[in-house]
Amino acid sequence: MFATASIVRERTAEERLVKCTVDIMNHKRYVALSGILVMGERGIKDDIPTAMTNGRDEWYGREFVESLSDAELRFLILHENYHKLFRHLHVWDYLHELDHMCANMACDYVINLQITGENRDGFAKMPVDKQTGEPIGLLDVRFTDMDADQVFNILYQEKQDQGQGQGQGQGQGSMDHHDWDGAASMSDEEAKQLAEQIDTAIRQGVLAAGKMGSGGTRSIDRLLQPEIDWRQVLRDFVTTTCKGSDYASYSRPNRRFLHAGIYMPSGVSEKVDELVIAVDTSGSIGQGELTRFLSELQAIINNVNPTRVRIIYWDTKVCRSELYGEGGDDLLTVAQSTKPTGGGGTDITCVNKYMQDNNIKAQAVIVFTDGYLGGVHGTWDVPVLWCITSTKRFVPPVGDVIHVKV
């Protein structure tokens with residue numbers, strides 16, 4: 001008898017990419033990520049040095065994939081899919097326009113810390129240079145629990161102050177290419193559909209993980225209740241309303257806050273009729289909350305310099321109306337000059353009626369309230385931003401909502 005030698009064929013890069021993707025989907029830690037993993041196109045290309053994503057599709061360089069262990073390839077796949085999960089290339093495109101390098105680094109620092117922290121068991125490992133043994137990728141513990149915007153601000157300031165901006169952590173640099181141009185080339189409708197698909201995938205993934213007894217990852221759970229800086233949303237709302245373009249509107253939403261489901265206008269009009277601030281003084285809004293809110297508003301007004309700002313204090317009726325700017329008091333002293341009045345019940349419709357009765361043509365309205373309005377939200381035919389201090393359950397039929405922590 002003759003012994004037969006068994007020949008084991010090495011998997012191709014394409015086969016390994018599929019295998020490692022399936023490994024991730026079958027791991028209890030990443031059950032909630034399955035919907036993201038099957039989204040868009042994924043494949044191997046010969047002309048890509050490492051990997052690339054446009055926020056929807058993923059492409060991997062053949063030679064790079066062949067150089068990685070399975071654990072390293074799983075890390076790389078997770079890295080690209082976390083870019084998709086966090087909507088980095090759409091949410092932070094304005095950072096890319098400000099400084100391309102710092103934006104790339106900020107996004108990578110956030111992702112690599114997340115994946116490394118989740119995989120202390122070695123399921124996924126950051127790729128290393130086979131000659132030097134150094135990590136291929138950016139890793140710095142000082143950025144723990146920060147988002148890309150916070151990391152970017154640190155890196156950008158370092159670059160401005162010291163000409164560095166490289167951080168002090170481990171790693172040789174980015175392990176992938178961020179296709180910002182590809183992301184920007186998507187139409188507004190495509191970007192909106194992608195955001196909706198990702199949101200649906202997150203919710204279905206978390207539900208599936210719960211049924212299987214897996215909690216999934218903390219990052220995915222947090223995306224169901226995205227944390228945003230209310231001051232920045234307020235600032236952008238006032239800025240775009242008061243210094244917008246006559247050629248832009250909600251048909252081209254500001255992508256900065258799409259990840260949180262907030263559809264800010266990219267611009268409204270260069271001619272501001274009136275910005276109305278409707279402040280709930282029904283008794284449940286504390287003086288401290290109101291003071292801090294008005295102080296932030298004053299800083300924005302000083303920066304934007306709108307034509308007119310009207311503050312309306314209301315409970316069950318309009319208790320006081322103050323006009324600042326053209327034909328009224330000085331815009332530069334709103335926070336110091338205003339005199340809050342009220343203390344009764346709550347009926348937001350009194351603001352609508354007052355504006356109609358006095359022919360107030362507001363370009364936009366900001367409502368500052370605790371959100372306990374008895375299910376009545378009033379009627380609005382202009383952009384409305386609801387600044388809510390208390391209840392998380394406030395869901396108005398019109399306008400966007402930010403939860404104010406003051």
# chains A, B, ... in the order shown; residues from 1 in each chain; ligands from 1
$ residues_around --residues "region 41-56 of chain A" --least-positions-apart "3" --cutoff "8 Å" --atoms "only C-alpha atoms" --output "CSV table (one decimal) with C-alpha atoms, in the first residue's frame"
chain,number,residue,atom,x,y,z
A,13,ALA,CA,-8.0,36.4,0.7
A,14,GLU,CA,-11.6,36.4,-0.4
A,17,LEU,CA,-12.6,37.7,4.5
A,59,TRP,CA,-12.7,47.1,0.5
A,60,TYR,CA,-9.6,45.3,1.7
A,61,GLY,CA,-6.2,45.1,0.1
A,62,ARG,CA,-5.2,41.6,-0.9
A,63,GLU,CA,-1.6,41.7,0.2
A,64,PHE,CA,-2.5,43.2,3.6
A,65,VAL,CA,-5.2,40.6,4.3
A,76,LEU,CA,-9.6,45.1,10.7
A,80,GLU,CA,-14.2,49.3,9.1
A,83,HIS,CA,-16.7,53.5,11.0
A,84,LYS,CA,-20.0,52.5,9.5
A,87,ARG,CA,-21.4,57.0,10.8
A,88,HIS,CA,-18.0,58.7,11.0
A,89,LEU,CA,-17.7,59.7,7.4
A,90,HIS,CA,-21.1,61.5,7.4
A,175,MET,CA,-4.5,51.1,9.3
A,176,ASP,CA,-7.1,52.1,6.7
A,177,HIS,CA,-8.2,54.8,4.2
A,178,HIS,CA,-11.2,56.9,4.9
A,179,ASP,CA,-13.1,57.6,1.7
A,180,TRP,CA,-14.5,61.0,2.6
A,181,ASP,CA,-15.0,61.9,-1.0
A,182,GLY,CA,-17.0,58.7,-1.6
A,183,ALA,CA,-19.2,59.4,1.4
A,194,LEU,CA,-28.1,54.9,4.9
$ residues_around --residues "region 383-389 of chain A" --least-positions-apart "5" --cutoff "6 Å" --atoms "only C-alpha atoms" --output "list of chain:residue names"
A:Ala364, A:Val365, A:Ile366, A:Val367, A:Phe368, A:Thr369, A:Asp370, A:Gly371, A:Gly399, A:Asp400, A:Val401, A:Ile402, A:His403, A:Val404
$ write_last_selection --atoms "N, CA and C atoms" --output "short mmCIF file (atom, residue, chain, number, x, y, z; two decimals), in the first residue's frame"
data_model
loop_
_atom_site.label_atom_id
_atom_site.label_comp_id
_atom_site.auth_asym_id
_atom_site.auth_seq_id
_atom_site.Cartn_x
_atom_site.Cartn_y
_atom_site.Cartn_z
N ALA A 364 -37.78 81.29 12.89
CA ALA A 364 -37.59 80.06 13.64
C ALA A 364 -37.97 80.33 15.09
N VAL A 365 -38.29 79.24 15.81
CA VAL A 365 -38.68 79.36 17.21
C VAL A 365 -37.88 78.35 18.04
N ILE A 366 -37.35 78.81 19.17
CA ILE A 366 -36.71 77.93 20.14
C ILE A 366 -37.59 77.90 21.38
N VAL A 367 -38.05 76.72 21.76
CA VAL A 367 -38.91 76.58 22.94
C VAL A 367 -38.09 75.97 24.06
N PHE A 368 -38.01 76.67 25.19
CA PHE A 368 -37.28 76.20 26.36
C PHE A 368 -38.30 75.79 27.41
N THR A 369 -38.38 74.48 27.71
CA THR A 369 -39.43 73.96 28.59
C THR A 369 -38.99 72.65 29.22
N ASP A 370 -39.71 72.24 30.27
CA ASP A 370 -39.42 70.95 30.87
C ASP A 370 -40.04 69.80 30.09
N GLY A 371 -40.92 70.12 29.13
CA GLY A 371 -41.50 69.10 28.27
C GLY A 371 -42.82 68.54 28.74
N GLY A 399 -40.64 69.62 14.57
CA GLY A 399 -39.43 70.17 15.16
C GLY A 399 -38.47 69.13 15.67
N ASP A 400 -37.29 69.57 16.10
CA ASP A 400 -36.27 68.71 16.65
C ASP A 400 -36.14 68.93 18.15
N VAL A 401 -35.66 67.91 18.86
CA VAL A 401 -35.58 67.95 20.31
C VAL A 401 -34.14 67.77 20.76
N ILE A 402 -33.68 68.62 21.70
CA ILE A 402 -32.43 68.40 22.39
C ILE A 402 -32.70 68.44 23.90
N HIS A 403 -32.00 67.59 24.61
CA HIS A 403 -32.18 67.54 26.06
C HIS A 403 -31.09 68.38 26.72
N VAL A 404 -31.51 69.41 27.38
CA VAL A 404 -30.60 70.41 27.94
C VAL A 404 -30.19 70.01 29.36
#
$ select_by_dssp --residues "region 302-378 of chain A" --states "strand (DSSP E or B)" --output "PyMOL selection string"
chain A and resi 308-314+318-325+329+364-369
$ closest_residue --among "A:Thr307, A:Asn359, A:Thr281, A:Gln287" --to "Thr341 (chain A)" --atoms "only C-alpha atoms"
A:Thr281
$ decode --residues "region 323-347 of chain A" --atoms "N, CA and C atoms" --output "PDB file, in the first residue's frame"
ATOM      1  N   LEU A 323     -38.561  92.491  22.862  1.00  0.00           N
ATOM      2  CA  LEU A 323     -37.946  92.541  21.546  1.00  0.00           C
ATOM      3  C   LEU A 323     -36.562  93.171  21.647  1.00  0.00           C
ATOM      4  N   TYR A 324     -35.579  92.490  21.078  1.00  0.00           N
ATOM      5  CA  TYR A 324     -34.202  92.980  21.073  1.00  0.00           C
ATOM      6  C   TYR A 324     -33.728  93.103  19.623  1.00  0.00           C
ATOM      7  N   GLY A 325     -32.940  94.116  19.381  1.00  0.00           N
ATOM      8  CA  GLY A 325     -32.435  94.325  18.042  1.00  0.00           C
ATOM      9  C   GLY A 325     -33.158  95.443  17.337  1.00  0.00           C
ATOM     10  N   GLU A 326     -33.410  95.282  16.078  1.00  0.00           N
ATOM     11  CA  GLU A 326     -34.048  96.311  15.260  1.00  0.00           C
ATOM     12  C   GLU A 326     -35.390  96.748  15.852  1.00  0.00           C
ATOM     13  N   GLY A 327     -35.468  97.993  16.255  1.00  0.00           N
ATOM     14  CA  GLY A 327     -36.709  98.516  16.831  1.00  0.00           C
ATOM     15  C   GLY A 327     -36.922  98.150  18.286  1.00  0.00           C
ATOM     16  N   GLY A 328     -35.931  97.490  18.912  1.00  0.00           N
ATOM     17  CA  GLY A 328     -36.096  97.097  20.304  1.00  0.00           C
ATOM     18  C   GLY A 328     -34.854  97.380  21.110  1.00  0.00           C
ATOM     19  N   ASP A 329     -34.669  96.681  22.222  1.00  0.00           N
ATOM     20  CA  ASP A 329     -33.512  96.897  23.085  1.00  0.00           C
ATOM     21  C   ASP A 329     -32.241  96.317  22.450  1.00  0.00           C
ATOM     22  N   ASP A 330     -31.116  96.584  23.067  1.00  0.00           N
ATOM     23  CA  ASP A 330     -29.811  96.183  22.556  1.00  0.00           C
ATOM     24  C   ASP A 330     -29.644  94.666  22.623  1.00  0.00           C
ATOM     25  N   LEU A 331     -29.241  94.065  21.498  1.00  0.00           N
ATOM     26  CA  LEU A 331     -29.026  92.619  21.444  1.00  0.00           C
ATOM     27  C   LEU A 331     -27.883  92.161  22.332  1.00  0.00           C
ATOM     28  N   LEU A 332     -26.961  93.072  22.638  1.00  0.00           N
ATOM     29  CA  LEU A 332     -25.779  92.683  23.396  1.00  0.00           C
ATOM     30  C   LEU A 332     -26.039  92.508  24.886  1.00  0.00           C
ATOM     31  N   THR A 333     -27.238  92.849  25.339  1.00  0.00           N
ATOM     32  CA  THR A 333     -27.528  92.770  26.783  1.00  0.00           C
ATOM     33  C   THR A 333     -28.775  91.947  27.074  1.00  0.00           C
ATOM     34  N   VAL A 334     -29.064  90.976  26.219  1.00  0.00           N
ATOM     35  CA  VAL A 334     -30.274  90.178  26.411  1.00  0.00           C
ATOM     36  C   VAL A 334     -30.287  89.494  27.771  1.00  0.00           C
ATOM     37  N   ALA A 335     -29.215  88.784  28.105  1.00  0.00           N
ATOM     38  CA  ALA A 335     -29.184  88.010  29.352  1.00  0.00           C
ATOM     39  C   ALA A 335     -29.285  88.900  30.581  1.00  0.00           C
ATOM     40  N   GLN A 336     -28.725  90.117  30.494  1.00  0.00           N
ATOM     41  CA  GLN A 336     -28.762  91.032  31.646  1.00  0.00           C
ATOM     42  C   GLN A 336     -30.076  91.808  31.721  1.00  0.00           C
ATOM     43  N   SER A 337     -30.653  92.098  30.571  1.00  0.00           N
ATOM     44  CA  SER A 337     -31.825  92.972  30.535  1.00  0.00           C
ATOM     45  C   SER A 337     -33.146  92.233  30.686  1.00  0.00           C
ATOM     46  N   THR A 338     -33.188  90.977  30.294  1.00  0.00           N
ATOM     47  CA  THR A 338     -34.459  90.262  30.283  1.00  0.00           C
ATOM     48  C   THR A 338     -35.049  90.105  31.686  1.00  0.00           C
ATOM     49  N   LYS A 339     -36.382  90.079  31.748  1.00  0.00           N
ATOM     50  CA  LYS A 339     -37.094  89.978  33.027  1.00  0.00           C
ATOM     51  C   LYS A 339     -38.108  88.850  32.951  1.00  0.00           C
ATOM     52  N   PRO A 340     -37.691  87.632  33.337  1.00  0.00           N
ATOM     53  CA  PRO A 340     -38.608  86.483  33.311  1.00  0.00           C
ATOM     54  C   PRO A 340     -39.842  86.736  34.163  1.00  0.00           C
ATOM     55  N   THR A 341     -41.006  86.360  33.625  1.00  0.00           N
ATOM     56  CA  THR A 341     -42.272  86.577  34.317  1.00  0.00           C
ATOM     57  C   THR A 341     -43.166  85.362  34.101  1.00  0.00           C
ATOM     58  N   GLY A 342     -43.883  84.958  35.136  1.00  0.00           N
ATOM     59  CA  GLY A 342     -44.812  83.839  35.017  1.00  0.00           C
ATOM     60  C   GLY A 342     -44.885  83.064  36.312  1.00  0.00           C
ATOM     61  N   GLY A 343     -45.347  81.807  36.212  1.00  0.00           N
ATOM     62  CA  GLY A 343     -45.431  80.975  37.396  1.00  0.00           C
ATOM     63  C   GLY A 343     -46.724  80.212  37.518  1.00  0.00           C
ATOM     64  N   GLY A 344     -47.567  80.240  36.473  1.00  0.00           N
ATOM     65  CA  GLY A 344     -48.856  79.552  36.527  1.00  0.00           C
ATOM     66  C   GLY A 344     -48.805  78.157  35.955  1.00  0.00           C
ATOM     67  N   GLY A 345     -49.858  77.805  35.209  1.00  0.00           N
ATOM     68  CA  GLY A 345     -49.937  76.482  34.594  1.00  0.00           C
ATOM     69  C   GLY A 345     -49.124  76.414  33.317  1.00  0.00           C
ATOM     70  N   THR A 346     -49.550  75.527  32.403  1.00  0.00           N
ATOM     71  CA  THR A 346     -48.784  75.330  31.173  1.00  0.00           C
ATOM     72  C   THR A 346     -49.715  75.163  29.978  1.00  0.00           C
ATOM     73  N   ASP A 347     -49.558  76.007  28.950  1.00  0.00           N
ATOM     74  CA  ASP A 347     -50.322  75.880  27.717  1.00  0.00           C
ATOM     75  C   ASP A 347     -49.533  76.538  26.584  1.00  0.00           C
TER      76      ASP A 347
END
